[in-house]
$ cat work_32.cif   # mmCIF, C-alpha atoms
data_structure
loop_
_atom_site.label_atom_id
_atom_site.label_comp_id
_atom_site.auth_asym_id
_atom_site.auth_seq_id
_atom_site.Cartn_x
_atom_site.Cartn_y
_atom_site.Cartn_z
CA MET A 1 -63.62 -29.67 181.68
CA ARG A 2 -64.68 -32.53 179.40
CA ASP A 3 -61.08 -32.98 178.24
CA CYS A 4 -59.50 -32.61 181.70
CA ALA A 5 -57.54 -35.74 182.61
CA THR A 6 -58.06 -35.18 186.35
CA CYS A 7 -61.83 -34.82 185.98
CA ASN A 8 -62.04 -37.92 183.82
CA GLN A 9 -59.93 -39.93 186.28
CA LEU A 10 -62.23 -38.93 189.12
CA LEU A 11 -65.37 -39.71 187.15
CA ALA A 12 -63.97 -43.11 186.24
CA ALA A 13 -63.10 -43.80 189.89
CA PHE A 14 -66.80 -43.43 190.73
CA ASN A 15 -67.93 -45.38 187.65
CA LEU A 16 -69.26 -42.28 185.91
CA VAL A 17 -68.59 -42.18 182.18
CA PRO A 18 -69.69 -39.05 180.28
CA SER A 19 -71.69 -39.70 177.17
CA HIS A 20 -70.11 -38.66 173.88
CA VAL A 21 -72.03 -35.99 171.99
CA LEU A 22 -71.59 -35.94 168.24
CA GLY A 23 -70.66 -32.70 166.51
CA GLU A 24 -69.34 -29.40 167.83
CA VAL A 25 -71.04 -28.48 171.10
CA SER A 26 -70.14 -26.02 173.84
CA TRP A 27 -68.97 -27.33 177.20
CA ILE A 28 -72.18 -26.17 178.91
CA ASP A 29 -74.33 -28.05 176.35
CA TRP A 30 -72.13 -31.09 176.81
CA LEU A 31 -72.47 -30.80 180.59
CA ALA A 32 -76.25 -30.50 180.40
CA SER A 33 -76.43 -33.58 178.19
CA PHE A 34 -74.19 -35.44 180.64
CA PHE A 35 -76.38 -34.45 183.60
CA LEU A 36 -79.57 -35.53 181.87
CA SER A 37 -78.14 -39.02 181.44
CA LEU A 38 -77.43 -39.43 185.18
CA SER A 39 -79.49 -40.63 188.11
CA VAL A 40 -80.45 -38.23 190.89
CA ASN A 41 -77.63 -39.34 193.21
CA ASP A 42 -75.05 -39.34 190.41
CA ARG A 43 -75.85 -35.72 189.55
CA ARG A 44 -75.00 -34.72 193.09
CA LEU A 45 -71.81 -36.77 192.92
CA VAL A 46 -70.69 -35.06 189.71
CA LEU A 47 -71.23 -31.64 191.29
CA VAL A 48 -69.06 -32.63 194.24
CA ILE A 49 -66.33 -33.99 191.96
CA TYR A 50 -66.13 -30.83 189.85
CA TRP A 51 -66.16 -28.60 192.90
CA SER A 52 -63.36 -30.70 194.44
CA VAL A 53 -61.24 -30.15 191.33
CA TRP A 54 -61.84 -26.39 191.57
CA TYR A 55 -60.95 -26.43 195.27
CA SER A 56 -57.76 -28.43 194.62
CA ARG A 57 -56.81 -26.01 191.86
CA ASN A 58 -57.14 -23.09 194.28
CA LYS A 59 -54.89 -24.84 196.81
CA LEU A 60 -52.28 -25.35 194.10
CA VAL A 61 -52.42 -21.73 192.91
CA HIS A 62 -52.60 -20.02 196.28
CA GLU A 63 -50.79 -22.46 198.61
CA GLY A 64 -48.54 -24.38 196.24
CA TYR A 65 -50.02 -27.71 197.36
CA LYS A 66 -50.96 -30.28 194.71
CA SER A 67 -53.59 -32.77 195.84
CA SER A 68 -53.27 -36.33 194.63
CA ILE A 69 -56.10 -38.17 192.90
CA TYR A 70 -56.42 -40.38 195.98
CA GLU A 71 -56.81 -37.34 198.26
CA ILE A 72 -59.55 -35.88 196.05
CA ILE A 73 -61.39 -39.22 195.89
CA THR A 74 -61.22 -39.48 199.69
CA PHE A 75 -62.53 -35.93 200.07
CA VAL A 76 -65.43 -36.53 197.66
CA SER A 77 -66.43 -39.77 199.40
CA ALA A 78 -66.28 -38.17 202.85
CA PHE A 79 -68.30 -35.14 201.71
CA ILE A 80 -71.06 -37.29 200.19
CA HIS A 81 -71.25 -39.43 203.34
CA GLU A 82 -71.45 -36.32 205.51
CA GLN A 83 -74.28 -34.86 203.39
CA ASP A 84 -76.19 -38.13 203.57
CA PHE A 85 -75.76 -38.20 207.34
CA ILE A 86 -77.02 -34.61 207.66
CA CYS A 87 -80.09 -35.50 205.59
CA VAL A 88 -80.83 -38.40 207.94
CA LEU A 89 -80.56 -36.08 210.95
CA LYS A 90 -82.91 -33.55 209.36
CA ASP A 91 -85.45 -36.31 208.74
CA THR A 92 -85.38 -37.35 212.41
CA THR A 93 -85.43 -33.93 214.07
CA ARG A 94 -87.90 -31.08 214.05
CA PRO A 95 -87.53 -28.34 211.42
CA SER A 96 -85.07 -25.55 212.25
CA LEU A 97 -83.47 -22.52 210.65
CA THR A 98 -81.56 -23.29 207.47
CA SER A 99 -77.87 -24.04 207.87
CA HIS A 100 -77.05 -22.78 204.38
CA TRP A 101 -77.02 -19.31 202.90
CA MET A 102 -80.08 -18.81 200.72
CA PRO A 103 -80.21 -16.34 197.81
CA PRO A 104 -82.76 -13.51 197.92
CA PRO A 105 -85.55 -13.17 195.35
CA ASN A 106 -84.67 -11.06 192.33
CA PRO A 107 -84.07 -8.06 192.34
CA THR A 108 -83.42 -7.97 196.08
CA ILE A 109 -79.81 -7.89 197.33
CA LYS A 110 -79.01 -9.73 200.53
CA ILE A 111 -76.25 -8.26 202.70
CA ASN A 112 -74.83 -10.44 205.45
CA PHE A 113 -72.91 -8.89 208.32
CA ASP A 114 -70.53 -10.09 211.01
CA SER A 115 -67.74 -8.67 213.18
CA ALA A 116 -64.28 -9.63 214.35
CA PHE A 117 -63.73 -8.33 217.90
CA ASN A 118 -60.44 -8.08 219.80
CA GLN A 119 -61.32 -7.56 223.45
CA HIS A 120 -57.73 -6.84 224.49
CA GLY A 121 -57.38 -3.87 222.18
CA SER A 122 -61.07 -2.84 222.11
CA HIS A 123 -60.76 -3.11 218.34
CA ALA A 124 -63.43 -4.47 216.01
CA VAL A 125 -63.84 -4.88 212.28
CA SER A 126 -67.28 -4.83 210.69
CA GLY A 127 -67.70 -7.07 207.66
CA ALA A 128 -70.56 -6.81 205.17
CA LEU A 129 -71.07 -8.88 202.02
CA GLY A 130 -73.84 -8.31 199.48
CA ARG A 131 -75.00 -10.98 197.03
CA ASN A 132 -77.78 -11.10 194.44
CA SER A 133 -80.35 -13.76 193.56
CA GLU A 134 -77.73 -15.79 191.69
CA GLY A 135 -75.32 -15.77 194.62
CA LEU A 136 -72.94 -13.38 192.87
CA ILE A 137 -71.01 -10.94 195.05
CA MET A 138 -72.16 -7.39 194.37
CA ALA A 139 -70.33 -5.43 197.08
CA ALA A 140 -68.33 -5.96 200.25
CA CYS A 141 -66.57 -3.95 202.90
CA ALA A 142 -64.41 -4.26 206.01
CA VAL A 143 -64.50 -1.26 208.34
CA PRO A 144 -62.42 -0.97 211.55
CA HIS A 145 -63.69 0.54 214.81
CA SER A 146 -61.77 1.59 217.92
CA ASN A 147 -62.90 1.82 221.56
CA VAL A 148 -65.48 -0.92 221.14
CA PRO A 149 -66.48 -2.15 224.63
CA ASP A 150 -67.69 -5.66 223.76
CA ALA A 151 -68.72 -8.12 221.05
CA PHE A 152 -72.38 -7.12 221.45
CA VAL A 153 -71.61 -3.56 220.32
CA ALA A 154 -69.32 -4.90 217.60
CA GLU A 155 -72.20 -6.89 216.08
CA ALA A 156 -74.49 -3.85 216.16
CA LEU A 157 -71.83 -1.78 214.40
CA ALA A 158 -71.51 -4.50 211.75
CA CYS A 159 -75.27 -4.41 211.12
CA GLN A 160 -75.09 -0.62 210.81
CA GLN A 161 -72.25 -0.98 208.33
CA ALA A 162 -74.29 -3.39 206.23
CA VAL A 163 -77.04 -0.77 205.92
CA LEU A 164 -74.47 1.90 205.04
CA LEU A 165 -72.97 -0.37 202.38
CA ALA A 166 -76.42 -0.80 200.82
CA MET A 167 -76.88 2.97 200.78
CA ASP A 168 -73.44 3.59 199.28
CA ALA A 169 -74.18 1.02 196.57
CA GLY A 170 -77.43 2.79 195.70
CA LEU A 171 -79.61 -0.21 196.55
CA SER A 172 -83.33 0.21 197.22
CA ASN A 173 -84.47 -3.34 197.99
CA VAL A 174 -82.34 -5.23 200.51
CA ILE A 175 -82.32 -7.94 203.14
CA ILE A 176 -79.89 -7.46 206.03
CA GLU A 177 -78.91 -10.77 207.57
CA GLY A 178 -76.72 -11.67 210.55
CA ASP A 179 -76.19 -14.28 213.25
CA SER A 180 -76.68 -11.94 216.23
CA LEU A 181 -80.22 -12.73 217.36
CA THR A 182 -80.28 -9.99 220.01
CA VAL A 183 -79.26 -7.26 217.56
CA ILE A 184 -81.86 -8.38 214.99
CA LYS A 185 -84.61 -8.54 217.62
CA LYS A 186 -83.85 -5.03 218.89
CA ILE A 187 -83.93 -3.58 215.37
CA ASN A 188 -87.24 -5.27 214.58
CA ALA A 189 -88.81 -4.33 217.92
CA ASP A 190 -91.29 -1.46 218.07
CA SER A 191 -90.42 -0.59 221.66
CA HIS A 192 -87.71 1.88 222.61
CA ASP A 193 -84.37 0.20 223.24
CA ARG A 194 -82.52 1.06 226.46
CA SER A 195 -79.45 -1.16 226.03
CA VAL A 196 -75.88 -0.09 225.36
CA ILE A 197 -76.49 -0.36 221.61
CA ALA A 198 -79.59 1.89 221.69
CA PRO A 199 -77.93 4.75 219.73
CA ILE A 200 -76.77 2.32 217.03
CA VAL A 201 -80.19 0.67 216.81
CA ALA A 202 -81.86 4.09 216.52
CA ASP A 203 -79.47 5.08 213.72
CA ILE A 204 -80.11 1.83 211.84
CA LYS A 205 -83.87 2.40 212.03
CA GLU A 206 -83.43 5.94 210.74
CA LEU A 207 -81.20 4.78 207.87
CA ALA A 208 -83.75 2.10 206.97
CA LYS A 209 -86.19 4.85 205.95
CA ASN A 210 -84.04 5.48 202.84
CA PHE A 211 -85.00 2.14 201.24
CA SER A 212 -88.05 1.09 199.26
CA ALA A 213 -87.93 -2.28 201.02
CA ILE A 214 -85.63 -3.48 203.79
CA SER A 215 -85.84 -6.32 206.29
CA PHE A 216 -83.58 -7.59 209.05
CA ARG A 217 -83.27 -11.34 209.53
CA PHE A 218 -81.46 -13.72 211.85
CA VAL A 219 -79.57 -16.75 210.49
CA ARG A 220 -77.41 -19.40 212.07
CA ARG A 221 -73.64 -19.04 211.98
CA GLU A 222 -73.46 -21.80 209.36
CA ALA A 223 -75.43 -19.61 206.93
CA ASN A 224 -73.20 -16.61 207.67
CA LYS A 225 -69.82 -18.20 206.90
CA ALA A 226 -68.81 -16.02 203.96
CA VAL A 227 -69.01 -12.70 205.79
CA HIS A 228 -67.53 -14.31 208.90
CA ALA A 229 -64.53 -15.24 206.77
CA LEU A 230 -64.39 -11.65 205.49
CA ALA A 231 -64.33 -10.13 208.99
CA ARG A 232 -61.77 -12.66 210.18
CA GLU A 233 -59.50 -12.14 207.18
CA CYS A 234 -59.57 -8.35 207.67
CA ARG A 235 -59.51 -8.35 211.48
CA SER A 236 -56.17 -6.50 211.61
CA CYS A 237 -57.03 -3.77 209.11
CA GLN A 238 -56.70 -0.18 210.32
CA THR A 239 -58.43 1.54 207.40
CA PRO A 240 -61.73 0.79 205.63
CA TYR A 241 -61.72 -1.44 202.55
CA TYR A 242 -64.45 -1.65 199.92
CA TRP A 243 -64.92 -4.06 197.02
CA ILE A 244 -67.29 -4.03 194.06
CA GLU A 245 -68.30 -7.39 192.57
CA GLU A 246 -65.46 -9.12 194.43
CA ALA A 247 -64.23 -9.90 197.94
CA PRO A 248 -61.05 -11.13 199.67
CA MET A 249 -60.02 -14.70 198.89
CA GLU A 250 -61.40 -16.43 202.01
CA ALA A 251 -64.75 -14.68 201.77
CA ALA A 252 -65.05 -15.30 198.02
CA THR A 253 -64.25 -18.99 198.51
CA ALA A 254 -66.84 -19.31 201.29
CA ALA A 255 -69.43 -17.53 199.13
CA GLU A 256 -68.74 -19.88 196.22
CA PHE A 257 -68.98 -22.86 198.53
CA ALA A 258 -72.38 -21.60 199.73
CA LEU A 259 -73.47 -21.48 196.10
CA PHE A 260 -72.09 -24.97 195.62
CA ALA A 261 -74.15 -26.20 198.57
CA LEU A 262 -77.22 -24.90 196.76
CA GLY A 263 -76.01 -26.66 193.62
CA CYS A 264 -76.19 -29.96 195.49
CA CYS A 265 -79.95 -29.41 195.59
CA PHE A 266 -80.19 -29.35 191.79
CA SER A 267 -80.76 -33.08 191.67
CA ARG A 268 -83.90 -32.74 193.78
CA ALA A 269 -85.03 -29.51 192.14
CA TYR A 270 -84.74 -30.91 188.61
CA ILE A 271 -87.97 -32.90 188.88
CA ALA A 272 -89.87 -29.60 189.23
CA PHE A 273 -88.70 -28.31 185.83
CA ASP A 274 -90.07 -29.27 182.45
CA GLY A 275 -87.68 -29.77 179.57
CA ARG A 276 -83.98 -29.46 178.94
CA ASP A 277 -83.93 -25.65 178.53
CA SER A 278 -85.10 -24.99 182.11
CA PHE A 279 -82.55 -27.40 183.49
CA LEU A 280 -79.81 -25.95 181.30
CA SER A 281 -80.50 -22.42 182.56
CA ILE A 282 -80.04 -23.58 186.17
CA ILE A 283 -76.85 -25.44 185.32
CA GLN A 284 -75.50 -22.35 183.59
CA GLN A 285 -76.25 -20.13 186.59
CA PHE A 286 -74.43 -22.45 188.98
CA PHE A 287 -71.40 -23.40 186.92
CA ALA A 288 -70.84 -19.91 185.56
CA VAL A 289 -69.95 -18.90 189.12
CA ALA A 290 -68.82 -22.07 190.85
CA LEU A 291 -66.50 -23.17 188.06
CA GLY A 292 -65.87 -19.89 186.27
CA LEU A 293 -62.49 -19.42 187.92
CA VAL A 294 -61.13 -22.67 186.52
CA GLY A 295 -62.37 -22.42 182.95
CA GLY A 296 -58.86 -21.92 181.63
CA VAL A 297 -57.47 -24.72 183.76
CA ILE A 298 -59.83 -27.66 183.39
CA SER A 299 -61.89 -26.85 180.31
#

$ encode --input "work_32.cif" --output "structure tokens"
Amino acid sequence: MRDCATCNQLLAAFNLVPSHVLGEVSWIDWLASFFLSLSVNDRRLVLVIYWSVWYSRNKLVHEGYKSSIYEIITFVSAFIHEQDFICVLKDTTRPSLTSHWMPPPNPTIKINFDSAFNQHGSHAVSGALGRNSEGLIMAACAVPHSNVPDAFVAEALACQQAVLLAMDAGLSNVIIEGDSLTVIKKINADSHDRSVIAPIVADIKELAKNFSAISFRFVRREANKAVHALARECRSCQTPYYWIEEAPMEAATAAEFALFALGCCFSRAYIAFDGRDSFLSIIQQFFAVALGLVGGVIS
């Protein structure tokens, strides 16, 4: 990373010059030292630059498209401006549900669910994606269903599949999260459900008894992007697929981007930590995942 010509060109374009550390140091120590020398806004900018390089590398490997330095600079500038604009909007509107995926507390595993529904063929695919407190993918699945009457039932089936995935993975402490408010409300309700999804809701409640701790939460679509990408990518599958500590490309990319979005908060969070070691541990957690795939390319 520190010797990558592309990274250095991008840093120079934004007037960011890494400090030179004497002696033999690892790249993560070098990165921590670099971050400590930056202002709050520049730390965020560096995160965006490195993520943009990773994203461009993926496009080259998987799509054969090589982004120019100018294109990456334009992307970085636009992304920063968009984030600043969103922050302004948040400051001028009342608080609302988070628009980003948030990691669960350790040792809880959060499993997001979503469905891809084809109304013409009454076919649906349930997607479930489990991640830990560091945002790492622990398990995922895509399960097809036939004779599904509508999207409402498809979402309920996806929630059920998320619970089944947690059971299959041997988890005892989980959060089930989805963007179907009606389904979540019915599962959390104490009253008897009389809707078309009543049998599914009853089964989910029965399955929930197998866990030490389980909760069902609603999130906005923006915080459910990774599993949405999973269901969409596998919408044509006719047999169930399961993954351990990995997921299909689109879902994995969306999950890593969600982690990156959290990384953009490091600049603000840093002031709450004392000393270099605390900051270094956070940097390691983020970059070990967000940039791990490109270690051999830009390190």

$ resolve_selection --input "work_32.cif" --expression "the PyMOL selection byres ((chain A and resi 63-70) around 12)" --output "ChimeraX atom specification"
/A:5-13,49,52-62,71-77

$ closest_residue --input "work_32.cif" --among "A:Asp29, A:Glu206, A:Asp190, A:Asp114" --to "Gln161 in chain A" --atoms "all atoms listed in the file"
A:Asp114

$ closest_residue --input "work_32.cif" --among "A:Leu16, A:Ala254, A:Ala154, A:Ala231" --to "Ser39 in chain A" --atoms "all atoms listed in the file"
A:Leu16

$ closest_atom_pairs --input "work_32.cif" --of "range 123-197 of chain A" --to "range 207-212 of chain A" --cutoff "10 Å" --atoms "all atoms listed in the file" --output "JSON lines"
{"residue": "A:Gln160", "atom": "CA", "partner": "A:Leu207", "partner_atom": "CA", "distance": 8.7}
{"residue": "A:Val163", "atom": "CA", "partner": "A:Leu207", "partner_atom": "CA", "distance": 7.2}
{"residue": "A:Leu164", "atom": "CA", "partner": "A:Leu207", "partner_atom": "CA", "distance": 7.8}
{"residue": "A:Ala166", "atom": "CA", "partner": "A:Phe211", "partner_atom": "CA", "distance": 9.1}
{"residue": "A:Met167", "atom": "CA", "partner": "A:Asn210", "partner_atom": "CA", "distance": 7.9}
{"residue": "A:Gly170", "atom": "CA", "partner": "A:Phe211", "partner_atom": "CA", "distance": 9.4}
{"residue": "A:Leu171", "atom": "CA", "partner": "A:Phe211", "partner_atom": "CA", "distance": 7.5}
{"residue": "A:Ser172", "atom": "CA", "partner": "A:Phe211", "partner_atom": "CA", "distance": 4.8}
{"residue": "A:Asn173", "atom": "CA", "partner": "A:Ser212", "partner_atom": "CA", "distance": 5.8}
{"residue": "A:Val174", "atom": "CA", "partner": "A:Phe211", "partner_atom": "CA", "distance": 7.9}

$ resolve_selection --input "work_32.cif" --expression "the PyMOL selection byres ((chain A and resi 184) around 12)" --output "PyMOL selection string"
chain A and resi 113+152+155-156+158-160+175-183+185-189+197+201+204-205+215-219

$ atom_distance --input "work_32.cif" --atom1 "CA of Phe79 in chain A" --atom2 "CA of Arg220 in chain A"
20.9 Å

$ residues_near_point --input "work_32.cif" --point "(-71.5, -10.0, 195.4)" --cutoff "10 Å" --atoms "only C-alpha atoms" --output "number ranges by chain"
A: 109-111, 129-140, 243-247, 252, 255

$ closest_residue --input "work_32.cif" --among "A:Ala213, A:Leu157, A:Ala128, A:Ile80" --to "Val227 in chain A" --atoms "all atoms listed in the file"
A:Ala128

$ atom_distance --input "work_32.cif" --atom1 "CA of Ser26 in chain A" --atom2 "CA of Pro103 in chain A"
27.7 Å

$ closest_residue --input "work_32.cif" --among "A:Ala162, A:Val40, A:Met102, A:Val148" --to "Ile214 in chain A" --atoms "all atoms listed in the file"
A:Ala162

$ atom_distance --input "work_32.cif" --atom1 "CA of Met249 in chain A" --atom2 "CA of Ser99 in chain A"
22.1 Å

$ axis_aligned_box --input "work_32.cif" --around "range 130-140 of chain A" --padding-each-side "8 Å" --output "AutoDock Vina command-line options"
--center_x -74.3 --center_y -10.6 --center_z 196.0 --size_x 28.0 --size_y 26.4 --size_z 24.6

$ resolve_selection --input "work_32.cif" --expression "the PyMOL selection byres ((chain A and resi 225) around 9)" --output "JSON, numbers by chain"
{"A": [100, 101, 221, 222, 223, 224, 226, 227, 228, 229, 230, 251, 254, 255, 258]}

$ decode --input "work_32.cif" --residues "range 209-232 of chain A" --atoms "N, CA, C and O atoms" --output "CSV table (one decimal), in the first residue's frame"
chain,number,residue,atom,x,y,z
A,209,LYS,N,-37.3,-20.3,20.4
A,209,LYS,CA,-37.2,-20.9,21.7
A,209,LYS,C,-35.9,-21.7,21.9
A,209,LYS,O,-35.4,-22.0,23.0
A,210,ASN,N,-35.2,-21.9,20.7
A,210,ASN,CA,-34.0,-22.7,20.7
A,210,ASN,C,-32.7,-21.9,21.0
A,210,ASN,O,-31.6,-22.4,21.1
A,211,PHE,N,-32.9,-20.5,21.2
A,211,PHE,CA,-31.8,-19.6,21.4
A,211,PHE,C,-31.7,-19.1,22.8
A,211,PHE,O,-32.7,-18.9,23.5
A,212,SER,N,-30.5,-18.9,23.2
A,212,SER,CA,-30.3,-18.2,24.5
A,212,SER,C,-30.8,-16.8,24.5
A,212,SER,O,-31.4,-16.3,25.5
A,213,ALA,N,-30.5,-16.1,23.4
A,213,ALA,CA,-31.0,-14.7,23.2
A,213,ALA,C,-31.2,-14.5,21.7
A,213,ALA,O,-30.4,-14.8,20.9
A,214,ILE,N,-32.4,-14.0,21.4
A,214,ILE,CA,-32.7,-13.7,20.0
A,214,ILE,C,-33.7,-12.5,20.0
A,214,ILE,O,-34.6,-12.4,20.8
A,215,SER,N,-33.5,-11.6,19.0
A,215,SER,CA,-34.3,-10.4,18.9
A,215,SER,C,-34.6,-10.2,17.4
A,215,SER,O,-33.8,-10.6,16.5
A,216,PHE,N,-35.7,-9.6,17.1
A,216,PHE,CA,-36.1,-9.3,15.7
A,216,PHE,C,-36.2,-7.8,15.5
A,216,PHE,O,-37.0,-7.2,16.2
A,217,ARG,N,-35.5,-7.2,14.6
A,217,ARG,CA,-35.4,-5.8,14.4
A,217,ARG,C,-35.7,-5.4,13.0
A,217,ARG,O,-35.3,-6.0,12.1
A,218,PHE,N,-36.3,-4.2,12.9
A,218,PHE,CA,-36.5,-3.6,11.6
A,218,PHE,C,-35.5,-2.6,11.3
A,218,PHE,O,-35.0,-1.8,12.1
A,219,VAL,N,-35.0,-2.6,10.0
A,219,VAL,CA,-34.0,-1.6,9.5
A,219,VAL,C,-34.5,-1.1,8.2
A,219,VAL,O,-35.3,-1.7,7.5
A,220,ARG,N,-34.0,0.1,7.8
A,220,ARG,CA,-34.3,0.6,6.5
A,220,ARG,C,-33.6,-0.2,5.4
A,220,ARG,O,-32.6,-0.9,5.7
A,221,ARG,N,-34.1,-0.1,4.2
A,221,ARG,CA,-33.5,-0.8,3.1
A,221,ARG,C,-32.0,-0.5,2.9
A,221,ARG,O,-31.2,-1.4,2.6
A,222,GLU,N,-31.6,0.8,3.2
A,222,GLU,CA,-30.2,1.2,3.0
A,222,GLU,C,-29.3,0.4,4.0
A,222,GLU,O,-28.1,0.2,3.7
A,223,ALA,N,-29.8,-0.1,5.1
A,223,ALA,CA,-29.0,-0.8,6.0
A,223,ALA,C,-29.1,-2.3,5.8
A,223,ALA,O,-28.5,-3.1,6.5
A,224,ASN,N,-29.8,-2.7,4.7
A,224,ASN,CA,-30.0,-4.1,4.4
A,224,ASN,C,-29.5,-4.5,3.0
A,224,ASN,O,-29.9,-5.5,2.4
A,225,LYS,N,-28.6,-3.6,2.5
A,225,LYS,CA,-28.1,-3.7,1.1
A,225,LYS,C,-27.4,-5.0,0.8
A,225,LYS,O,-27.5,-5.6,-0.3
A,226,ALA,N,-26.6,-5.5,1.8
A,226,ALA,CA,-25.7,-6.7,1.5
A,226,ALA,C,-26.6,-7.9,1.2
A,226,ALA,O,-26.4,-8.6,0.3
A,227,VAL,N,-27.6,-8.2,2.1
A,227,VAL,CA,-28.4,-9.3,1.9
A,227,VAL,C,-29.4,-9.1,0.7
A,227,VAL,O,-29.8,-10.1,0.1
A,228,HIS,N,-29.7,-7.9,0.5
A,228,HIS,CA,-30.6,-7.6,-0.7
A,228,HIS,C,-29.8,-8.0,-2.0
A,228,HIS,O,-30.3,-8.6,-2.9
A,229,ALA,N,-28.5,-7.7,-2.0
A,229,ALA,CA,-27.6,-8.0,-3.1
A,229,ALA,C,-27.5,-9.5,-3.2
A,229,ALA,O,-27.5,-10.1,-4.4
A,230,LEU,N,-27.5,-10.2,-2.1
A,230,LEU,CA,-27.4,-11.7,-2.1
A,230,LEU,C,-28.6,-12.3,-2.7
A,230,LEU,O,-28.6,-13.2,-3.6
A,231,ALA,N,-29.8,-11.9,-2.3
A,231,ALA,CA,-31.1,-12.4,-2.8
A,231,ALA,C,-31.2,-12.1,-4.3
A,231,ALA,O,-31.7,-13.0,-5.1
A,232,ARG,N,-30.8,-10.9,-4.7
A,232,ARG,CA,-30.9,-10.5,-6.1
A,232,ARG,C,-30.0,-11.3,-7.0
A,232,ARG,O,-30.4,-11.8,-8.0
